[in-house]
Protein chains: 2
Amino acid sequence: MVQYQAHLDTAFAALSDPTRRGILVRLGRHDASITDLATKFGMTLTGMKKHVSILEDAGLVTTEKVGRTRTARLGPRRLEDETAWIEMYRTMLEERLNRLEDFLERTKEK
Amino acid sequence: MVQYQAHLDTAFAALSDPTRRGILVRLGRHDASITDLATKFGMTLTGMKKHVSILEDAGLVTTEKVGRTRTARLGPRRLEDETAWIEMYRTMLEERLNRLEDFLERTKEK
């Protein structure tokens with residue numbers, strides 16, 4: 001039985017946008033303020049806040065406000081369940097392909 | 001430089017919905033017609049067709065029409081780039097955490 005994992009919804013949805021993946025790569029180099037990120041990605045502050053908020057809700061980014069500056073950094077989620085899910089998909093696919101191959105082999109022999 | 005990979009957008013978006021993940025798990029057991037899937041998930045045929053179409057566009061499901069029945073099966077994509085992307089994220093996160101730890105250690109020593 002596969003349990004429903006709500007965090008898979010938010011994490012996969014967060015990762016489905018190229019700008020958001022770009023933000024994560026950027027934060028992999030160093031922490032950055034929302035303003036810096038907006039400038040870097042040629043985006044309005046409002047647009048960037050929305051992307052960062054989606055990443056934050058998915059646990060891929062943490063933000064902290066010091067004075068007037070909100071800084072974003074990677075984490076805390078390590079996406080282990082997401083990796084496990086994709087691996088399960090790949091295992092299922094391989095099993096299906098093997099069974100199809102067996103079936104074709106048996107059909108050929110007849 | 002991280003290249004823009006459009007198939008990451010469609011695959012992650014396809015995986016962000018619990019019903020679509022459920023369909024993949026179901027197809028992992030055996031191929032199924034769209035009608036069977038709609039019944040199984042208590043959904044209209046139109047609703048199911050939409051989900052299957054999103055999975056098909058992402059390369060996670062292949063459909064074939066024989067007579068009046070359209071059958072869905074897993075594949076052909078193995079989601080290797082998606083796994084690689086998540087692994088890259090995790091490596092970046094670990095490096096950031098290690099650097100933060102080093103910084104805290106050095107600060108403590110002073």
# chains A, B, ... in the order shown; residues from 1 in each chain; ligands from 1

$ interface_residues --of "chain B" --to "chain A" --cutoff "9 Å" --atoms "only C-alpha atoms" --output "MDAnalysis selection string"
chainID B and resid 2 4:6 8:18 22 24:25 27:31 73:80 82:83 86:97

$ write_last_selection --atoms "N, CA and C atoms" --output "short mmCIF file (atom, residue, chain, number, x, y, z; two decimals), in the first residue's frame"
data_model
loop_
_atom_site.label_atom_id
_atom_site.label_comp_id
_atom_site.auth_asym_id
_atom_site.auth_seq_id
_atom_site.Cartn_x
_atom_site.Cartn_y
_atom_site.Cartn_z
N VAL B 2 24.01 24.83 -15.60
CA VAL B 2 22.94 23.85 -15.66
C VAL B 2 22.08 24.14 -16.89
N TYR B 4 18.88 23.99 -19.40
CA TYR B 4 17.44 23.93 -19.22
C TYR B 4 16.89 22.65 -19.84
N GLN B 5 16.27 21.85 -19.03
CA GLN B 5 15.74 20.58 -19.50
C GLN B 5 14.22 20.61 -19.38
N ALA B 6 13.56 20.82 -20.52
CA ALA B 6 12.09 20.98 -20.52
C ALA B 6 11.39 19.73 -19.99
N LEU B 8 12.14 17.98 -17.53
CA LEU B 8 12.05 18.04 -16.07
C LEU B 8 10.76 18.75 -15.65
N ASP B 9 10.40 19.82 -16.38
CA ASP B 9 9.16 20.56 -16.07
C ASP B 9 7.96 19.61 -16.14
N THR B 10 7.84 18.91 -17.26
CA THR B 10 6.64 18.07 -17.46
C THR B 10 6.65 16.86 -16.52
N ALA B 11 7.82 16.27 -16.28
CA ALA B 11 7.86 15.09 -15.41
C ALA B 11 7.54 15.47 -13.97
N PHE B 12 8.19 16.51 -13.44
CA PHE B 12 7.92 16.90 -12.05
C PHE B 12 6.46 17.34 -11.89
N ALA B 13 5.93 18.08 -12.88
CA ALA B 13 4.53 18.52 -12.80
C ALA B 13 3.61 17.29 -12.82
N ALA B 14 3.92 16.31 -13.66
CA ALA B 14 3.10 15.09 -13.74
C ALA B 14 3.11 14.35 -12.39
N LEU B 15 4.25 14.35 -11.73
CA LEU B 15 4.40 13.61 -10.46
C LEU B 15 3.82 14.36 -9.25
N SER B 16 3.45 15.64 -9.45
CA SER B 16 3.01 16.46 -8.31
C SER B 16 1.57 16.20 -7.90
N ASP B 17 0.88 15.31 -8.61
CA ASP B 17 -0.53 15.04 -8.30
C ASP B 17 -0.70 13.62 -7.75
N PRO B 18 -1.35 13.47 -6.59
CA PRO B 18 -1.47 12.14 -5.97
C PRO B 18 -2.24 11.14 -6.83
N GLY B 22 -0.82 7.66 -8.18
CA GLY B 22 -1.62 6.45 -7.96
C GLY B 22 -1.81 5.65 -9.25
N LEU B 24 0.21 5.57 -11.79
CA LEU B 24 1.49 4.93 -12.12
C LEU B 24 1.69 3.65 -11.28
N VAL B 25 1.35 3.73 -10.00
CA VAL B 25 1.49 2.55 -9.13
C VAL B 25 0.58 1.44 -9.64
N LEU B 27 -0.51 1.00 -12.72
CA LEU B 27 0.04 0.46 -13.97
C LEU B 27 1.31 -0.35 -13.72
N GLY B 28 1.91 -0.15 -12.57
CA GLY B 28 3.07 -0.96 -12.19
C GLY B 28 2.67 -2.41 -11.95
N ARG B 29 1.40 -2.61 -11.57
CA ARG B 29 0.90 -3.98 -11.35
C ARG B 29 0.51 -4.63 -12.67
N HIS B 30 -0.28 -3.93 -13.46
CA HIS B 30 -0.62 -4.42 -14.80
C HIS B 30 -1.16 -3.29 -15.66
N ASP B 31 -1.05 -3.45 -16.97
CA ASP B 31 -1.60 -2.46 -17.90
C ASP B 31 -3.09 -2.34 -17.63
N ARG B 73 0.11 1.82 -20.38
CA ARG B 73 1.15 1.06 -19.67
C ARG B 73 2.29 2.00 -19.28
N LEU B 74 3.11 1.58 -18.36
CA LEU B 74 4.22 2.41 -17.87
C LEU B 74 5.27 2.65 -18.94
N GLY B 75 5.97 3.76 -18.81
CA GLY B 75 7.14 4.03 -19.65
C GLY B 75 6.83 4.97 -20.80
N PRO B 76 7.84 5.29 -21.63
CA PRO B 76 9.19 4.70 -21.65
C PRO B 76 10.22 5.42 -20.78
N ARG B 77 9.91 6.63 -20.25
CA ARG B 77 10.97 7.36 -19.55
C ARG B 77 11.33 6.70 -18.22
N ARG B 78 12.65 6.74 -17.92
CA ARG B 78 13.13 6.11 -16.69
C ARG B 78 13.44 7.15 -15.60
N LEU B 79 13.20 8.42 -15.92
CA LEU B 79 13.36 9.52 -14.95
C LEU B 79 14.79 9.63 -14.40
N GLU B 80 15.75 9.28 -15.23
CA GLU B 80 17.14 9.37 -14.76
C GLU B 80 17.59 10.82 -14.53
N GLU B 82 15.70 13.29 -13.69
CA GLU B 82 15.00 13.80 -12.51
C GLU B 82 15.74 13.34 -11.24
N THR B 83 16.15 12.07 -11.23
CA THR B 83 16.93 11.57 -10.09
C THR B 83 18.24 12.34 -9.98
N ILE B 86 17.66 15.82 -8.45
CA ILE B 86 17.42 15.78 -7.00
C ILE B 86 18.73 15.47 -6.26
N GLU B 87 19.55 14.57 -6.85
CA GLU B 87 20.84 14.26 -6.21
C GLU B 87 21.75 15.48 -6.18
N MET B 88 21.71 16.28 -7.28
CA MET B 88 22.51 17.50 -7.31
C MET B 88 22.06 18.45 -6.21
N TYR B 89 20.74 18.59 -6.07
CA TYR B 89 20.18 19.45 -5.00
C TYR B 89 20.71 18.99 -3.64
N ARG B 90 20.66 17.67 -3.40
CA ARG B 90 21.08 17.15 -2.10
C ARG B 90 22.57 17.40 -1.85
N THR B 91 23.39 17.23 -2.90
CA THR B 91 24.83 17.50 -2.78
C THR B 91 25.06 18.97 -2.43
N MET B 92 24.35 19.87 -3.13
CA MET B 92 24.49 21.31 -2.86
C MET B 92 24.12 21.61 -1.41
N LEU B 93 23.00 21.01 -0.96
CA LEU B 93 22.52 21.24 0.41
C LEU B 93 23.56 20.78 1.42
N GLU B 94 24.13 19.59 1.18
CA GLU B 94 25.13 19.06 2.12
C GLU B 94 26.37 19.95 2.16
N GLU B 95 26.79 20.42 1.00
CA GLU B 95 27.96 21.31 0.95
C GLU B 95 27.69 22.60 1.72
N ARG B 96 26.48 23.14 1.55
CA ARG B 96 26.12 24.37 2.27
C ARG B 96 26.13 24.12 3.78
N LEU B 97 25.58 22.98 4.19
CA LEU B 97 25.53 22.66 5.63
C LEU B 97 26.93 22.46 6.19
#

$ calpha_fit_and_write --fixed "chain B" --moving "chain A" --output "tab-separated table (two decimals) with C-alpha atoms, in the first residue's frame"
chain	number	residue	atom	x	y	z
A	1	MET	CA	26.26	25.58	-16.10
A	2	VAL	CA	22.95	23.83	-15.64
A	3	GLN	CA	21.14	23.32	-18.93
A	4	TYR	CA	17.44	23.93	-19.21
A	5	GLN	CA	15.74	20.57	-19.48
A	6	ALA	CA	12.09	20.98	-20.50
A	7	HIS	CA	11.32	17.33	-19.73
A	8	LEU	CA	12.05	18.04	-16.05
A	9	ASP	CA	9.16	20.55	-16.05
A	10	THR	CA	6.64	18.07	-17.44
A	11	ALA	CA	7.87	15.08	-15.40
A	12	PHE	CA	7.92	16.89	-12.04
A	13	ALA	CA	4.52	18.51	-12.79
A	14	ALA	CA	3.10	15.08	-13.73
A	15	LEU	CA	4.39	13.60	-10.45
A	16	SER	CA	3.00	16.45	-8.30
A	17	ASP	CA	-0.53	15.02	-8.28
A	18	PRO	CA	-1.50	12.12	-5.96
A	19	THR	CA	-4.00	10.66	-8.45
A	20	ARG	CA	-1.38	10.58	-11.18
A	21	ARG	CA	1.14	8.91	-8.85
A	22	GLY	CA	-1.63	6.42	-7.96
A	23	ILE	CA	-2.23	5.68	-11.65
A	24	LEU	CA	1.48	4.92	-12.12
A	25	VAL	CA	1.47	2.54	-9.14
A	26	ARG	CA	-1.61	0.84	-10.57
A	27	LEU	CA	0.04	0.46	-13.98
A	28	GLY	CA	3.07	-0.97	-12.20
A	29	ARG	CA	0.90	-4.00	-11.37
A	30	HIS	CA	-0.64	-4.42	-14.82
A	31	ASP	CA	-1.61	-2.45	-17.90
A	32	ALA	CA	-5.12	-1.02	-17.74
A	33	SER	CA	-7.67	0.58	-20.02
A	34	ILE	CA	-8.58	4.24	-19.42
A	35	THR	CA	-12.11	3.06	-18.57
A	36	ASP	CA	-10.79	0.64	-15.92
A	37	LEU	CA	-8.63	3.38	-14.43
A	38	ALA	CA	-11.57	5.82	-14.32
A	39	THR	CA	-13.68	3.23	-12.47
A	40	LYS	CA	-10.86	2.33	-10.10
A	41	PHE	CA	-10.23	5.96	-9.15
A	42	GLY	CA	-13.95	6.89	-9.05
A	43	MET	CA	-13.47	9.50	-11.73
A	44	THR	CA	-15.18	10.51	-14.96
A	45	LEU	CA	-13.69	9.22	-18.19
A	46	THR	CA	-12.90	12.82	-19.17
A	47	GLY	CA	-11.08	13.45	-15.89
A	48	MET	CA	-9.04	10.25	-16.24
A	49	LYS	CA	-8.18	11.01	-19.89
A	50	LYS	CA	-6.77	14.35	-18.78
A	51	HIS	CA	-4.54	12.76	-16.12
A	52	VAL	CA	-3.34	10.03	-18.49
A	53	SER	CA	-2.64	12.64	-21.16
A	54	ILE	CA	-0.41	14.60	-18.74
A	55	LEU	CA	1.44	11.39	-17.84
A	56	GLU	CA	1.77	10.53	-21.54
A	57	ASP	CA	3.15	13.99	-22.40
A	58	ALA	CA	5.73	13.51	-19.63
A	59	GLY	CA	6.72	10.12	-21.10
A	60	LEU	CA	5.67	8.20	-17.97
A	61	VAL	CA	2.82	6.37	-19.68
A	62	THR	CA	2.27	5.05	-23.21
A	63	THR	CA	-1.22	4.42	-24.54
A	64	GLU	CA	-2.34	2.26	-27.44
A	65	LYS	CA	-5.79	2.05	-28.95
A	66	VAL	CA	-6.98	-1.36	-30.07
A	67	GLY	CA	-10.54	-1.36	-31.36
A	68	ARG	CA	-12.52	0.83	-29.01
A	69	THR	CA	-10.25	0.35	-26.01
A	70	ARG	CA	-7.28	2.57	-25.16
A	71	THR	CA	-4.82	0.74	-22.91
A	72	ALA	CA	-2.18	2.48	-20.81
A	73	ARG	CA	1.15	1.05	-19.70
A	74	LEU	CA	4.21	2.42	-17.88
A	75	GLY	CA	7.14	4.05	-19.63
A	76	PRO	CA	9.17	4.71	-21.64
A	77	ARG	CA	10.96	7.38	-19.55
A	78	ARG	CA	13.14	6.13	-16.69
A	79	LEU	CA	13.37	9.52	-14.93
A	80	GLU	CA	17.15	9.37	-14.77
A	81	ASP	CA	17.56	13.14	-15.24
A	82	GLU	CA	15.00	13.79	-12.48
A	83	THR	CA	16.94	11.57	-10.08
A	84	ALA	CA	20.18	13.27	-11.10
A	85	TRP	CA	18.65	16.68	-10.49
A	86	ILE	CA	17.43	15.77	-6.99
A	87	GLU	CA	20.85	14.26	-6.20
A	88	MET	CA	22.52	17.49	-7.31
A	89	TYR	CA	20.19	19.44	-4.99
A	90	ARG	CA	21.10	17.13	-2.09
A	91	THR	CA	24.83	17.49	-2.78
A	92	MET	CA	24.49	21.31	-2.85
A	93	LEU	CA	22.53	21.23	0.42
A	94	GLU	CA	25.15	19.05	2.12
A	95	GLU	CA	27.96	21.31	0.95
A	96	ARG	CA	26.13	24.37	2.26
A	97	LEU	CA	25.55	22.65	5.63
A	98	ASN	CA	29.21	21.59	5.87
A	99	ARG	CA	30.39	25.12	5.14
A	100	LEU	CA	27.96	26.47	7.77
A	101	GLU	CA	29.27	23.94	10.29
A	102	ASP	CA	32.89	24.92	9.53
A	103	PHE	CA	31.98	28.56	9.99
A	104	LEU	CA	30.31	27.85	13.36
A	105	GLU	CA	33.31	25.79	14.49
A	106	ARG	CA	35.71	28.59	13.58
A	107	THR	CA	33.51	31.15	15.34
A	108	LYS	CA	33.46	29.01	18.50
A	109	GLU	CA	37.25	28.70	18.55
A	110	LYS	CA	37.76	32.46	18.55

$ select_by_dssp --residues "segment 15-90 of chain B" --states "helix (DSSP H, G or I)" --output "PyMOL selection string"
chain B and resi 15+18-29+34-40+45-57+80-90

$ write_last_selection --atoms "N, CA and C atoms" --output "CSV table (one decimal), in the first residue's frame"
chain,number,residue,atom,x,y,z
B,15,LEU,N,4.3,14.3,-11.7
B,15,LEU,CA,4.4,13.6,-10.5
B,15,LEU,C,3.8,14.4,-9.3
B,18,PRO,N,-1.4,13.5,-6.6
B,18,PRO,CA,-1.5,12.1,-6.0
B,18,PRO,C,-2.2,11.1,-6.8
B,19,THR,N,-3.3,11.6,-7.6
B,19,THR,CA,-4.0,10.7,-8.4
B,19,THR,C,-3.1,10.1,-9.5
B,20,ARG,N,-2.3,11.0,-10.1
B,20,ARG,CA,-1.4,10.6,-11.2
B,20,ARG,C,-0.3,9.6,-10.6
B,21,ARG,N,0.2,9.9,-9.4
B,21,ARG,CA,1.1,8.9,-8.8
B,21,ARG,C,0.4,7.6,-8.6
B,22,GLY,N,-0.8,7.7,-8.2
B,22,GLY,CA,-1.6,6.4,-8.0
B,22,GLY,C,-1.8,5.7,-9.3
B,23,ILE,N,-2.1,6.4,-10.4
B,23,ILE,CA,-2.2,5.7,-11.7
B,23,ILE,C,-0.9,4.9,-12.0
B,24,LEU,N,0.2,5.6,-11.8
B,24,LEU,CA,1.5,4.9,-12.1
B,24,LEU,C,1.7,3.7,-11.3
B,25,VAL,N,1.4,3.7,-10.0
B,25,VAL,CA,1.5,2.6,-9.1
B,25,VAL,C,0.6,1.4,-9.6
B,26,ARG,N,-0.6,1.8,-10.0
B,26,ARG,CA,-1.6,0.9,-10.6
B,26,ARG,C,-1.1,0.2,-11.8
B,27,LEU,N,-0.5,1.0,-12.7
B,27,LEU,CA,0.0,0.5,-14.0
B,27,LEU,C,1.3,-0.4,-13.7
B,28,GLY,N,1.9,-0.2,-12.6
B,28,GLY,CA,3.1,-1.0,-12.2
B,28,GLY,C,2.7,-2.4,-11.9
B,29,ARG,N,1.4,-2.6,-11.6
B,29,ARG,CA,0.9,-4.0,-11.4
B,29,ARG,C,0.5,-4.6,-12.7
B,34,ILE,N,-8.2,2.9,-20.0
B,34,ILE,CA,-8.6,4.2,-19.4
B,34,ILE,C,-9.9,4.1,-18.6
B,35,THR,N,-10.8,3.3,-19.2
B,35,THR,CA,-12.1,3.1,-18.6
B,35,THR,C,-11.9,2.4,-17.2
B,36,ASP,N,-11.1,1.3,-17.2
B,36,ASP,CA,-10.8,0.6,-15.9
B,36,ASP,C,-10.2,1.6,-14.9
B,37,LEU,N,-9.3,2.4,-15.3
B,37,LEU,CA,-8.6,3.4,-14.4
B,37,LEU,C,-9.6,4.4,-13.9
B,38,ALA,N,-10.5,4.9,-14.7
B,38,ALA,CA,-11.6,5.8,-14.3
B,38,ALA,C,-12.4,5.2,-13.2
B,39,THR,N,-12.9,3.9,-13.4
B,39,THR,CA,-13.7,3.2,-12.5
B,39,THR,C,-12.9,3.1,-11.2
B,40,LYS,N,-11.7,2.6,-11.3
B,40,LYS,CA,-10.9,2.3,-10.1
B,40,LYS,C,-10.7,3.6,-9.2
B,45,LEU,N,-14.6,9.6,-17.1
B,45,LEU,CA,-13.7,9.2,-18.2
B,45,LEU,C,-12.9,10.4,-18.7
B,46,THR,N,-13.6,11.6,-18.7
B,46,THR,CA,-12.9,12.8,-19.2
B,46,THR,C,-11.8,13.2,-18.2
B,47,GLY,N,-12.1,13.1,-16.9
B,47,GLY,CA,-11.1,13.5,-15.9
B,47,GLY,C,-9.9,12.5,-16.0
B,48,MET,N,-10.1,11.2,-16.2
B,48,MET,CA,-9.0,10.3,-16.2
B,48,MET,C,-8.2,10.5,-17.5
B,49,LYS,N,-8.9,10.8,-18.6
B,49,LYS,CA,-8.2,11.0,-19.9
B,49,LYS,C,-7.2,12.2,-19.7
B,50,LYS,N,-7.6,13.2,-19.0
B,50,LYS,CA,-6.8,14.4,-18.8
B,50,LYS,C,-5.5,14.0,-18.0
B,51,HIS,N,-5.7,13.2,-16.9
B,51,HIS,CA,-4.5,12.8,-16.1
B,51,HIS,C,-3.6,11.9,-17.0
B,52,VAL,N,-4.2,10.9,-17.7
B,52,VAL,CA,-3.3,10.0,-18.5
B,52,VAL,C,-2.6,10.8,-19.6
B,53,SER,N,-3.3,11.8,-20.1
B,53,SER,CA,-2.6,12.6,-21.2
B,53,SER,C,-1.4,13.4,-20.6
B,54,ILE,N,-1.5,13.9,-19.4
B,54,ILE,CA,-0.4,14.6,-18.7
B,54,ILE,C,0.8,13.6,-18.5
B,55,LEU,N,0.4,12.4,-18.1
B,55,LEU,CA,1.4,11.4,-17.8
B,55,LEU,C,2.1,11.0,-19.2
B,56,GLU,N,1.3,10.9,-20.2
B,56,GLU,CA,1.8,10.5,-21.5
B,56,GLU,C,2.7,11.6,-22.1
B,57,ASP,N,2.3,12.9,-21.9
B,57,ASP,CA,3.2,14.0,-22.4
B,57,ASP,C,4.5,14.0,-21.7
B,80,GLU,N,15.8,9.3,-15.2
B,80,GLU,CA,17.1,9.4,-14.8
B,80,GLU,C,17.6,10.8,-14.5
B,81,ASP,N,17.2,11.7,-15.4
B,81,ASP,CA,17.6,13.1,-15.2
B,81,ASP,C,16.9,13.7,-14.0
B,82,GLU,N,15.7,13.3,-13.7
B,82,GLU,CA,15.0,13.8,-12.5
B,82,GLU,C,15.7,13.3,-11.2
B,83,THR,N,16.2,12.1,-11.2
B,83,THR,CA,16.9,11.6,-10.1
B,83,THR,C,18.2,12.3,-10.0
B,84,ALA,N,18.9,12.6,-11.1
B,84,ALA,CA,20.2,13.3,-11.1
B,84,ALA,C,20.0,14.7,-10.6
B,85,TRP,N,18.9,15.3,-11.0
B,85,TRP,CA,18.6,16.7,-10.5
B,85,TRP,C,18.5,16.7,-9.0
B,86,ILE,N,17.7,15.8,-8.4
B,86,ILE,CA,17.4,15.8,-7.0
B,86,ILE,C,18.7,15.5,-6.3
B,87,GLU,N,19.5,14.6,-6.9
B,87,GLU,CA,20.8,14.3,-6.2
B,87,GLU,C,21.8,15.5,-6.2
B,88,MET,N,21.7,16.3,-7.3
B,88,MET,CA,22.5,17.5,-7.3
B,88,MET,C,22.1,18.5,-6.2
B,89,TYR,N,20.7,18.6,-6.1
B,89,TYR,CA,20.2,19.4,-5.0
B,89,TYR,C,20.7,19.0,-3.6
B,90,ARG,N,20.7,17.7,-3.4
B,90,ARG,CA,21.1,17.1,-2.1
B,90,ARG,C,22.6,17.4,-1.8

$ select_by_dssp --residues "chain A" --states "strand (DSSP E)" --output "PyMOL selection string"
chain A and resi 32-33+61-66+69-74

$ decode --residues "segment 12-28 of chain A" --atoms "N, CA, C and O atoms" --output "PDB file, in the first residue's frame"
ATOM      1  N   PHE A  12       7.371  18.140  -5.735  1.00  0.00           N
ATOM      2  CA  PHE A  12       7.420  17.944  -7.191  1.00  0.00           C
ATOM      3  C   PHE A  12       6.887  19.187  -7.920  1.00  0.00           C
ATOM      4  O   PHE A  12       7.436  19.590  -8.943  1.00  0.00           O
ATOM      5  N   ALA A  13       5.818  19.803  -7.377  1.00  0.00           N
ATOM      6  CA  ALA A  13       5.273  21.017  -8.013  1.00  0.00           C
ATOM      7  C   ALA A  13       6.313  22.139  -7.961  1.00  0.00           C
ATOM      8  O   ALA A  13       6.507  22.864  -8.942  1.00  0.00           O
ATOM      9  N   ALA A  14       7.011  22.265  -6.830  1.00  0.00           N
ATOM     10  CA  ALA A  14       8.042  23.302  -6.698  1.00  0.00           C
ATOM     11  C   ALA A  14       9.161  23.091  -7.721  1.00  0.00           C
ATOM     12  O   ALA A  14       9.679  24.040  -8.303  1.00  0.00           O
ATOM     13  N   LEU A  15       9.504  21.822  -7.966  1.00  0.00           N
ATOM     14  CA  LEU A  15      10.619  21.500  -8.875  1.00  0.00           C
ATOM     15  C   LEU A  15      10.223  21.564 -10.350  1.00  0.00           C
ATOM     16  O   LEU A  15      11.084  21.480 -11.222  1.00  0.00           O
ATOM     17  N   SER A  16       8.923  21.724 -10.635  1.00  0.00           N
ATOM     18  CA  SER A  16       8.465  21.657 -12.030  1.00  0.00           C
ATOM     19  C   SER A  16       8.675  22.961 -12.799  1.00  0.00           C
ATOM     20  O   SER A  16       8.362  23.041 -13.976  1.00  0.00           O
ATOM     21  N   ASP A  17       9.215  23.972 -12.138  1.00  0.00           N
ATOM     22  CA  ASP A  17       9.417  25.266 -12.793  1.00  0.00           C
ATOM     23  C   ASP A  17      10.907  25.577 -12.955  1.00  0.00           C
ATOM     24  O   ASP A  17      11.663  25.504 -11.986  1.00  0.00           O
ATOM     25  N   PRO A  18      11.334  25.923 -14.184  1.00  0.00           N
ATOM     26  CA  PRO A  18      12.773  26.137 -14.433  1.00  0.00           C
ATOM     27  C   PRO A  18      13.359  27.293 -13.633  1.00  0.00           C
ATOM     28  O   PRO A  18      14.521  27.218 -13.224  1.00  0.00           O
ATOM     29  N   THR A  19      12.572  28.351 -13.385  1.00  0.00           N
ATOM     30  CA  THR A  19      13.088  29.462 -12.573  1.00  0.00           C
ATOM     31  C   THR A  19      13.339  28.993 -11.147  1.00  0.00           C
ATOM     32  O   THR A  19      14.380  29.298 -10.559  1.00  0.00           O
ATOM     33  N   ARG A  20      12.404  28.210 -10.615  1.00  0.00           N
ATOM     34  CA  ARG A  20      12.590  27.743  -9.235  1.00  0.00           C
ATOM     35  C   ARG A  20      13.791  26.800  -9.136  1.00  0.00           C
ATOM     36  O   ARG A  20      14.557  26.855  -8.179  1.00  0.00           O
ATOM     37  N   ARG A  21      13.987  25.940 -10.151  1.00  0.00           N
ATOM     38  CA  ARG A  21      15.184  25.084 -10.110  1.00  0.00           C
ATOM     39  C   ARG A  21      16.438  25.958 -10.201  1.00  0.00           C
ATOM     40  O   ARG A  21      17.451  25.701  -9.538  1.00  0.00           O
ATOM     41  N   GLY A  22      16.369  27.026 -11.002  1.00  0.00           N
ATOM     42  CA  GLY A  22      17.499  27.958 -11.127  1.00  0.00           C
ATOM     43  C   GLY A  22      17.817  28.639  -9.804  1.00  0.00           C
ATOM     44  O   GLY A  22      18.984  28.804  -9.445  1.00  0.00           O
ATOM     45  N   ILE A  23      16.769  29.020  -9.068  1.00  0.00           N
ATOM     46  CA  ILE A  23      16.958  29.662  -7.762  1.00  0.00           C
ATOM     47  C   ILE A  23      17.691  28.701  -6.819  1.00  0.00           C
ATOM     48  O   ILE A  23      18.625  29.093  -6.113  1.00  0.00           O
ATOM     49  N   LEU A  24      17.298  27.440  -6.836  1.00  0.00           N
ATOM     50  CA  LEU A  24      17.945  26.453  -5.952  1.00  0.00           C
ATOM     51  C   LEU A  24      19.426  26.306  -6.300  1.00  0.00           C
ATOM     52  O   LEU A  24      20.281  26.249  -5.411  1.00  0.00           O
ATOM     53  N   VAL A  25      19.726  26.260  -7.606  1.00  0.00           N
ATOM     54  CA  VAL A  25      21.128  26.136  -8.032  1.00  0.00           C
ATOM     55  C   VAL A  25      21.924  27.354  -7.563  1.00  0.00           C
ATOM     56  O   VAL A  25      23.043  27.228  -7.067  1.00  0.00           O
ATOM     57  N   ARG A  26      21.304  28.521  -7.692  1.00  0.00           N
ATOM     58  CA  ARG A  26      21.928  29.771  -7.259  1.00  0.00           C
ATOM     59  C   ARG A  26      22.219  29.737  -5.751  1.00  0.00           C
ATOM     60  O   ARG A  26      23.307  30.095  -5.307  1.00  0.00           O
ATOM     61  N   LEU A  27      21.232  29.284  -4.990  1.00  0.00           N
ATOM     62  CA  LEU A  27      21.394  29.211  -3.532  1.00  0.00           C
ATOM     63  C   LEU A  27      22.374  28.109  -3.131  1.00  0.00           C
ATOM     64  O   LEU A  27      22.890  28.104  -2.016  1.00  0.00           O
ATOM     65  N   GLY A  28      22.638  27.193  -4.043  1.00  0.00           N
ATOM     66  CA  GLY A  28      23.647  26.165  -3.804  1.00  0.00           C
ATOM     67  C   GLY A  28      25.033  26.777  -3.764  1.00  0.00           C
ATOM     68  O   GLY A  28      25.950  26.239  -3.138  1.00  0.00           O
TER      69      GLY A  28
END
